[in-house]
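Reviewing the structure listed below.
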Amino acid sequence: MNRLTREQSRDLTQQKLRQAALSEFAANGFAGASIDRIAETAGFSRGAFYANYKGKHEILLELLRELSEREVGRWRLLVEEHAGQADFFQVIAERFAALIDETPWGLFAVEVRLQARRDTQFASEYQHYLSGISSSIGELIAVNFEKAGKRPPADLEQMTHAFHSLALGLVLSMDGSRTRDARAAGLIVAHFLQGLLLLPAGESP
């Protein structure tokens, strides 16, 4: 078996630290997260953590970038493959259900929104992430209203913010059977949009 190069070993160490930090942030929030626990969970010393990251803020940003790449990529794929198609609402329900059910990523998504409210410096990074998500969701919504021959009843940016906020709120409210609840929650988001599309032209709730 070939030995890892120094760069490969460093990448693997950082990957393990990020995974441990993800669970720590989801469980205890940014303020309550412990670097010692992150390092211990990843199987490294505190010194190994600081050899790779300056502190909690840096690893939080790395995780936010990873979350952004995951979510923006998925939403863009939905735009390309399903916008305006007959299976649109089913796909929307499944995508939101996956977002809600992906623990600890779902809880992390909630935590970074809260951290953006507390930390103005972090808020600018979070806004970049949110803009990417909102752009893709907004495009999906716009295409389907256009196909229905209707105008969105509210500003697209406000609507996408509402849908994303609804999904994050459902993350916090989940209990019992995760699979059942995630599917039900995804359907709630999809039906919310479907109800808006069914409004008579020119009406708003």
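So you can find residues: chains in the structure tokens are A, B, ... in the order shown, residues in each start at 1, and ligands are numbered from 1 in order.
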
inquiry  = So that I can see what lies close to Met174 of chain A, please list as a list in words the residues with an atom at most 12 Å from it, counting only C-alpha atoms and leaving out residues fewer than 3 positions away in the same chain.
reply    = Ala97, Ile100, Asp101, Glu102, Thr103, Gly106, Leu107, Ala167, Leu168, Gly169, Leu170, Val171, Ser177, Arg178, Thr179, Arg180, Asp181, Ala182, Arg183, Ala184, Ala185 and Gly186 of chain A

ask   = Out of A:Ala148, A:Leu63, A:Ala21, A:Leu166, which residue has the shortest atom-to-atom distance to Leu196 of chain A when counting only C-alpha atoms?
value =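 Between A:Ala148, A:Leu63, A:Ala21, A:Leu166, the residue approaching Leu196 of chain A most closely is A:Ala148.
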
request  = Pull the helix (DSSP H, G or I) assignments for segment 19-130 of chain A out of DSSP run on the backbone, and list those residues as an NGL selection string.
outcome  = :A and (19-32 or 35-42 or 46-52 or 56-82 or 88-101 or 105-118 or 120-130)
